[in-house]
Amino acid sequence: MGRFVPDVDYRNRFARDRAFRKMTRVLITGAFGQIGTELAAALGARYGSDNMLATGRSLPDGGSPEGLPFEPLDVTDADAVLQTVKRHRIDVIYHLAAVLSARGEKDPRMTWQVNMDGLRNVLEAARRATVAQVFWPSSIAAFGPDTPRDAVPQDTIMRPTTIYGVTKVAGELLCDYYLQKYGLDVRGVRYPGVISSAAPPGGGTTDYAVEMFHAALERGRYTCFVREDCVLPLIYMPDCTRAALGLMDADTSRLTHRNGFNISAMTFSAGELAAEIRKHVPGFVCDYAPDERQAIADTWPRTLDDSAARAEWDWQPEYDLPRMAADMLARLREHQRRTAG
Ligand code: AKB
């Protein structure tokens, strides 16, 4: 029997029809990571908790986000990935399990296994189990020192110098390959550094932008591992979630690209972030002691041209630096109050 390839009608119905979505079964890998924690909650609200399967290597102390059904899953185990997708009759996969840039430099082999073998296992399982859609995030780390630093075009030189960046470029190409060869509807954006309140990042170069908030509230002081004038593109978690859902909902007929969409939200230096936090936390002191992560940051863009995402699926960020900082601090203070009380 021929393979079922979801056609345009299926995808459009899937994207627009709420009742149809409630019959959609969604798998998320890396469900307890920085992006996964909040994206899993948003997906649970959208598709219904019973239709979700949150996976990760183990259940964190706080339990599954929003109490979503959980199963352990090692994405480097191809058979386990395929069996999980088949057993749960998964329709859509959000594949977020990954090793980030700074940690990746400490163990390139493991980074390749998790990021590349993991992606291939997910795409292959999706193809074999006729999954309708896959979301896989790329990153600004896919660019390198030969890329223009400002207004980076959608299609440009991509020669990253970190193993994480190499897996992001290769991953974008692999996703396009599965689309062209097998008709697998796999979509993705190049995320800037993500700022989140619910779950911390781990092992990234842009982690300072989250650590600074926590340190400001807990100690009133932070030693930042990039320079005061280090400028990088960043995005706040609610925009990060909206980007994933917006692209997955996009009408296929409008998409010229499918993977590796540049998305832009905010750009600021570490010093500008510290100054913004100081408006809410008077007396906050930020010192700067750049380490090896500065060298990674120096190879990444400052600003991105995201006109393709705006034109093809109406991408529009909602948070700038002042709005993000106010919301982030309010959420962290609320969390502090709840855990103290
Ligand atoms: C990292 O710093 O490694 C990530 C990223 C920009 O992809 N946050």
# chains A, B, ... in the order shown; residues from 1 in each chain; ligands from 1
call {"tool": "residues_near_ligand", "arguments": {"ligand": "ligand 1", "cutoff": "6 Å", "atoms": "only C-alpha atoms and all ligand atoms", "output": "list in words"}}
result
Leu100, Ser101, Ser139, Ile140, Ala141, Pro192, Gly193, Val194, Gly204, Thr205 and Thr206 of chain A
call {"tool": "residues_around", "arguments": {"residues": "Tyr182 of chain A", "least_positions_apart": "4", "cutoff": "8 Å", "atoms": "only C-alpha atoms", "output": "ChimeraX atom specification"}}
result
/A:127,177-178
call {"tool": "write_last_selection", "arguments": {"atoms": "N, CA, C and O atoms", "output": "tab-separated table (two decimals), in the first residue's frame"}}
result
chain	number	residue	atom	x	y	z
A	127	ARG	N	8.77	9.84	9.15
A	127	ARG	CA	8.53	9.36	7.78
A	127	ARG	C	7.88	7.98	7.80
A	127	ARG	O	6.87	7.74	7.15
A	177	TYR	N	15.88	18.01	3.15
A	177	TYR	CA	16.01	16.75	2.40
A	177	TYR	C	14.77	15.87	2.62
A	177	TYR	O	14.19	15.33	1.68
A	178	TYR	N	14.34	15.77	3.88
A	178	TYR	CA	13.16	14.94	4.17
A	178	TYR	C	11.90	15.53	3.55
A	178	TYR	O	10.98	14.81	3.16
call {"tool": "residues_around", "arguments": {"residues": "Thr161 of chain A", "least_positions_apart": "4", "cutoff": "9 Å", "atoms": "only C-alpha atoms", "output": "PDB file with N, CA and C atoms, in the first residue's frame"}}
result
ATOM      1  N   ALA A 141      23.068  30.287  15.920  1.00  0.00           N
ATOM      2  CA  ALA A 141      24.378  29.627  15.939  1.00  0.00           C
ATOM      3  C   ALA A 141      24.701  28.977  14.603  1.00  0.00           C
ATOM      4  N   ALA A 142      23.707  28.887  13.720  1.00  0.00           N
ATOM      5  CA  ALA A 142      23.960  28.319  12.382  1.00  0.00           C
ATOM      6  C   ALA A 142      24.828  29.266  11.546  1.00  0.00           C
ATOM      7  N   PHE A 143      24.943  30.528  11.997  1.00  0.00           N
ATOM      8  CA  PHE A 143      25.799  31.484  11.292  1.00  0.00           C
ATOM      9  C   PHE A 143      27.203  31.463  11.903  1.00  0.00           C
ATOM     10  N   GLY A 144      28.129  32.072  11.193  1.00  0.00           N
ATOM     11  CA  GLY A 144      29.507  32.073  11.683  1.00  0.00           C
ATOM     12  C   GLY A 144      30.209  33.385  11.379  1.00  0.00           C
ATOM     13  N   PRO A 145      31.501  33.412  11.583  1.00  0.00           N
ATOM     14  CA  PRO A 145      32.237  34.675  11.435  1.00  0.00           C
ATOM     15  C   PRO A 145      32.225  35.241  10.014  1.00  0.00           C
ATOM     16  N   GLY A 165      26.659  24.810  16.115  1.00  0.00           N
ATOM     17  CA  GLY A 165      26.288  25.496  14.878  1.00  0.00           C
ATOM     18  C   GLY A 165      26.352  24.568  13.675  1.00  0.00           C
ATOM     19  N   VAL A 166      27.372  23.705  13.654  1.00  0.00           N
ATOM     20  CA  VAL A 166      27.493  22.742  12.548  1.00  0.00           C
ATOM     21  C   VAL A 166      26.261  21.837  12.519  1.00  0.00           C
ATOM     22  N   ILE A 296      32.506  32.564  21.291  1.00  0.00           N
ATOM     23  CA  ILE A 296      31.376  32.011  20.513  1.00  0.00           C
ATOM     24  C   ILE A 296      30.448  33.162  20.110  1.00  0.00           C
ATOM     25  N   THR A 299      31.075  35.252  17.058  1.00  0.00           N
ATOM     26  CA  THR A 299      30.862  34.704  15.707  1.00  0.00           C
ATOM     27  C   THR A 299      29.386  34.757  15.306  1.00  0.00           C
TER      28      THR A 299
END
call {"tool": "residues_around", "arguments": {"residues": "segment 56-73 of chain A", "least_positions_apart": "5", "cutoff": "8 Å", "atoms": "only C-alpha atoms", "output": "PyMOL selection string"}}
result
chain A and resi 29-32+37-38+40-41+44+49-50+80-81+97
call {"tool": "residues_around", "arguments": {"residues": "Leu119 of chain A", "least_positions_apart": "2", "cutoff": "12 Å", "atoms": "only C-alpha atoms", "output": "VMD selection string"}}
result
chain A and resid 29 to 30 74 to 78 81 93 to 99 111 to 117 121 to 126 134 to 138 167 to 168 170 to 175 178 186
call {"tool": "select_by_dssp", "arguments": {"residues": "segment 159-220 of chain A", "states": "helix (DSSP H, G or I)", "output": "NGL selection string"}}
result
:A and (163-182 or 208-218)
call {"tool": "residues_around", "arguments": {"residues": "Gly220 of chain A", "least_positions_apart": "3", "cutoff": "12 Å", "atoms": "only C-alpha atoms", "output": "list in words"}}
result
Glu211, Met212, Phe213, His214, Ala215, Ala216, Leu217, Thr223, Ala274, Ile277, Arg278, His280, Val281, Pro282, Gly283, Phe284, Val285, Cys286 and Asp287 of chain A
call {"tool": "write_last_selection", "arguments": {"atoms": "N, CA, C and O atoms", "output": "PDB file, in the first residue's frame"}}
result
ATOM      1  N   GLU A 211      20.426  34.297  33.459  1.00  0.00           N
ATOM      2  CA  GLU A 211      21.105  34.289  34.771  1.00  0.00           C
ATOM      3  C   GLU A 211      21.085  35.675  35.420  1.00  0.00           C
ATOM      4  O   GLU A 211      20.942  35.804  36.629  1.00  0.00           O
ATOM      5  N   MET A 212      21.221  36.730  34.586  1.00  0.00           N
ATOM      6  CA  MET A 212      21.295  38.092  35.118  1.00  0.00           C
ATOM      7  C   MET A 212      20.033  38.453  35.908  1.00  0.00           C
ATOM      8  O   MET A 212      20.101  39.081  36.972  1.00  0.00           O
ATOM      9  N   PHE A 213      18.874  38.040  35.414  1.00  0.00           N
ATOM     10  CA  PHE A 213      17.610  38.318  36.115  1.00  0.00           C
ATOM     11  C   PHE A 213      17.575  37.619  37.475  1.00  0.00           C
ATOM     12  O   PHE A 213      17.223  38.227  38.485  1.00  0.00           O
ATOM     13  N   HIS A 214      17.929  36.329  37.465  1.00  0.00           N
ATOM     14  CA  HIS A 214      17.877  35.565  38.723  1.00  0.00           C
ATOM     15  C   HIS A 214      18.851  36.153  39.742  1.00  0.00           C
ATOM     16  O   HIS A 214      18.496  36.339  40.907  1.00  0.00           O
ATOM     17  N   ALA A 215      20.068  36.455  39.270  1.00  0.00           N
ATOM     18  CA  ALA A 215      21.088  36.992  40.187  1.00  0.00           C
ATOM     19  C   ALA A 215      20.649  38.353  40.734  1.00  0.00           C
ATOM     20  O   ALA A 215      20.860  38.651  41.917  1.00  0.00           O
ATOM     21  N   ALA A 216      20.048  39.174  39.883  1.00  0.00           N
ATOM     22  CA  ALA A 216      19.611  40.515  40.330  1.00  0.00           C
ATOM     23  C   ALA A 216      18.623  40.383  41.482  1.00  0.00           C
ATOM     24  O   ALA A 216      18.729  41.105  42.487  1.00  0.00           O
ATOM     25  N   LEU A 217      17.677  39.464  41.359  1.00  0.00           N
ATOM     26  CA  LEU A 217      16.667  39.317  42.412  1.00  0.00           C
ATOM     27  C   LEU A 217      17.217  38.605  43.644  1.00  0.00           C
ATOM     28  O   LEU A 217      16.853  38.918  44.774  1.00  0.00           O
ATOM     29  N   THR A 223      28.030  38.498  37.875  1.00  0.00           N
ATOM     30  CA  THR A 223      29.248  38.567  37.066  1.00  0.00           C
ATOM     31  C   THR A 223      28.937  37.930  35.725  1.00  0.00           C
ATOM     32  O   THR A 223      28.674  36.724  35.652  1.00  0.00           O
ATOM     33  N   ALA A 274      21.548  44.942  31.684  1.00  0.00           N
ATOM     34  CA  ALA A 274      21.791  45.247  33.101  1.00  0.00           C
ATOM     35  C   ALA A 274      21.135  46.577  33.480  1.00  0.00           C
ATOM     36  O   ALA A 274      20.513  46.699  34.547  1.00  0.00           O
ATOM     37  N   ILE A 277      17.398  46.131  33.856  1.00  0.00           N
ATOM     38  CA  ILE A 277      17.066  45.424  35.106  1.00  0.00           C
ATOM     39  C   ILE A 277      17.208  46.383  36.298  1.00  0.00           C
ATOM     40  O   ILE A 277      16.384  46.376  37.227  1.00  0.00           O
ATOM     41  N   ARG A 278      18.244  47.230  36.236  1.00  0.00           N
ATOM     42  CA  ARG A 278      18.492  48.178  37.334  1.00  0.00           C
ATOM     43  C   ARG A 278      17.305  49.131  37.546  1.00  0.00           C
ATOM     44  O   ARG A 278      17.069  49.595  38.662  1.00  0.00           O
ATOM     45  N   HIS A 280      14.336  48.300  37.648  1.00  0.00           N
ATOM     46  CA  HIS A 280      13.376  47.581  38.503  1.00  0.00           C
ATOM     47  C   HIS A 280      14.019  47.093  39.797  1.00  0.00           C
ATOM     48  O   HIS A 280      13.328  46.794  40.764  1.00  0.00           O
ATOM     49  N   VAL A 281      15.334  46.923  39.772  1.00  0.00           N
ATOM     50  CA  VAL A 281      16.059  46.423  40.958  1.00  0.00           C
ATOM     51  C   VAL A 281      17.147  47.457  41.271  1.00  0.00           C
ATOM     52  O   VAL A 281      18.308  47.298  40.882  1.00  0.00           O
ATOM     53  N   PRO A 282      16.779  48.539  41.975  1.00  0.00           N
ATOM     54  CA  PRO A 282      17.757  49.610  42.216  1.00  0.00           C
ATOM     55  C   PRO A 282      18.992  49.066  42.935  1.00  0.00           C
ATOM     56  O   PRO A 282      18.883  48.215  43.811  1.00  0.00           O
ATOM     57  N   GLY A 283      20.138  49.543  42.502  1.00  0.00           N
ATOM     58  CA  GLY A 283      21.381  49.118  43.145  1.00  0.00           C
ATOM     59  C   GLY A 283      21.969  47.850  42.541  1.00  0.00           C
ATOM     60  O   GLY A 283      23.050  47.410  42.959  1.00  0.00           O
ATOM     61  N   PHE A 284      21.288  47.256  41.577  1.00  0.00           N
ATOM     62  CA  PHE A 284      21.827  46.034  40.946  1.00  0.00           C
ATOM     63  C   PHE A 284      23.185  46.343  40.312  1.00  0.00           C
ATOM     64  O   PHE A 284      23.335  47.317  39.582  1.00  0.00           O
ATOM     65  N   VAL A 285      24.160  45.492  40.615  1.00  0.00           N
ATOM     66  CA  VAL A 285      25.516  45.693  40.085  1.00  0.00           C
ATOM     67  C   VAL A 285      25.860  44.533  39.155  1.00  0.00           C
ATOM     68  O   VAL A 285      25.673  43.373  39.526  1.00  0.00           O
ATOM     69  N   CYS A 286      26.346  44.868  37.980  1.00  0.00           N
ATOM     70  CA  CYS A 286      26.777  43.827  37.046  1.00  0.00           C
ATOM     71  C   CYS A 286      28.260  44.021  36.738  1.00  0.00           C
ATOM     72  O   CYS A 286      28.670  45.099  36.304  1.00  0.00           O
ATOM     73  N   ASP A 287      29.053  42.975  37.019  1.00  0.00           N
ATOM     74  CA  ASP A 287      30.473  42.975  36.643  1.00  0.00           C
ATOM     75  C   ASP A 287      30.626  42.134  35.380  1.00  0.00           C
ATOM     76  O   ASP A 287      29.762  41.311  35.076  1.00  0.00           O
TER      77      ASP A 287
END
call {"tool": "residues_around", "arguments": {"residues": "segment 255-264 of chain A", "least_positions_apart": "3", "cutoff": "10 Å", "atoms": "only C-alpha atoms", "output": "PyMOL selection string"}}
result
chain A and resi 135-140+142+151-155+168-169+171-176+179+185-192+233-235+239-240+243+247-248+250-252+267+303-313+315-317
call {"tool": "atom_distance", "arguments": {"atom1": "atom CA of Gly203 of chain A", "atom2": "atom CA of Ala102 of chain A"}}
result
5.3 Å
call {"tool": "closest_residue", "arguments": {"among": "A:Glu318, A:Glu105, A:Asp249, A:Asp79", "to": "Ala295 of chain A", "atoms": "only C-alpha atoms"}}
result
A:Glu105
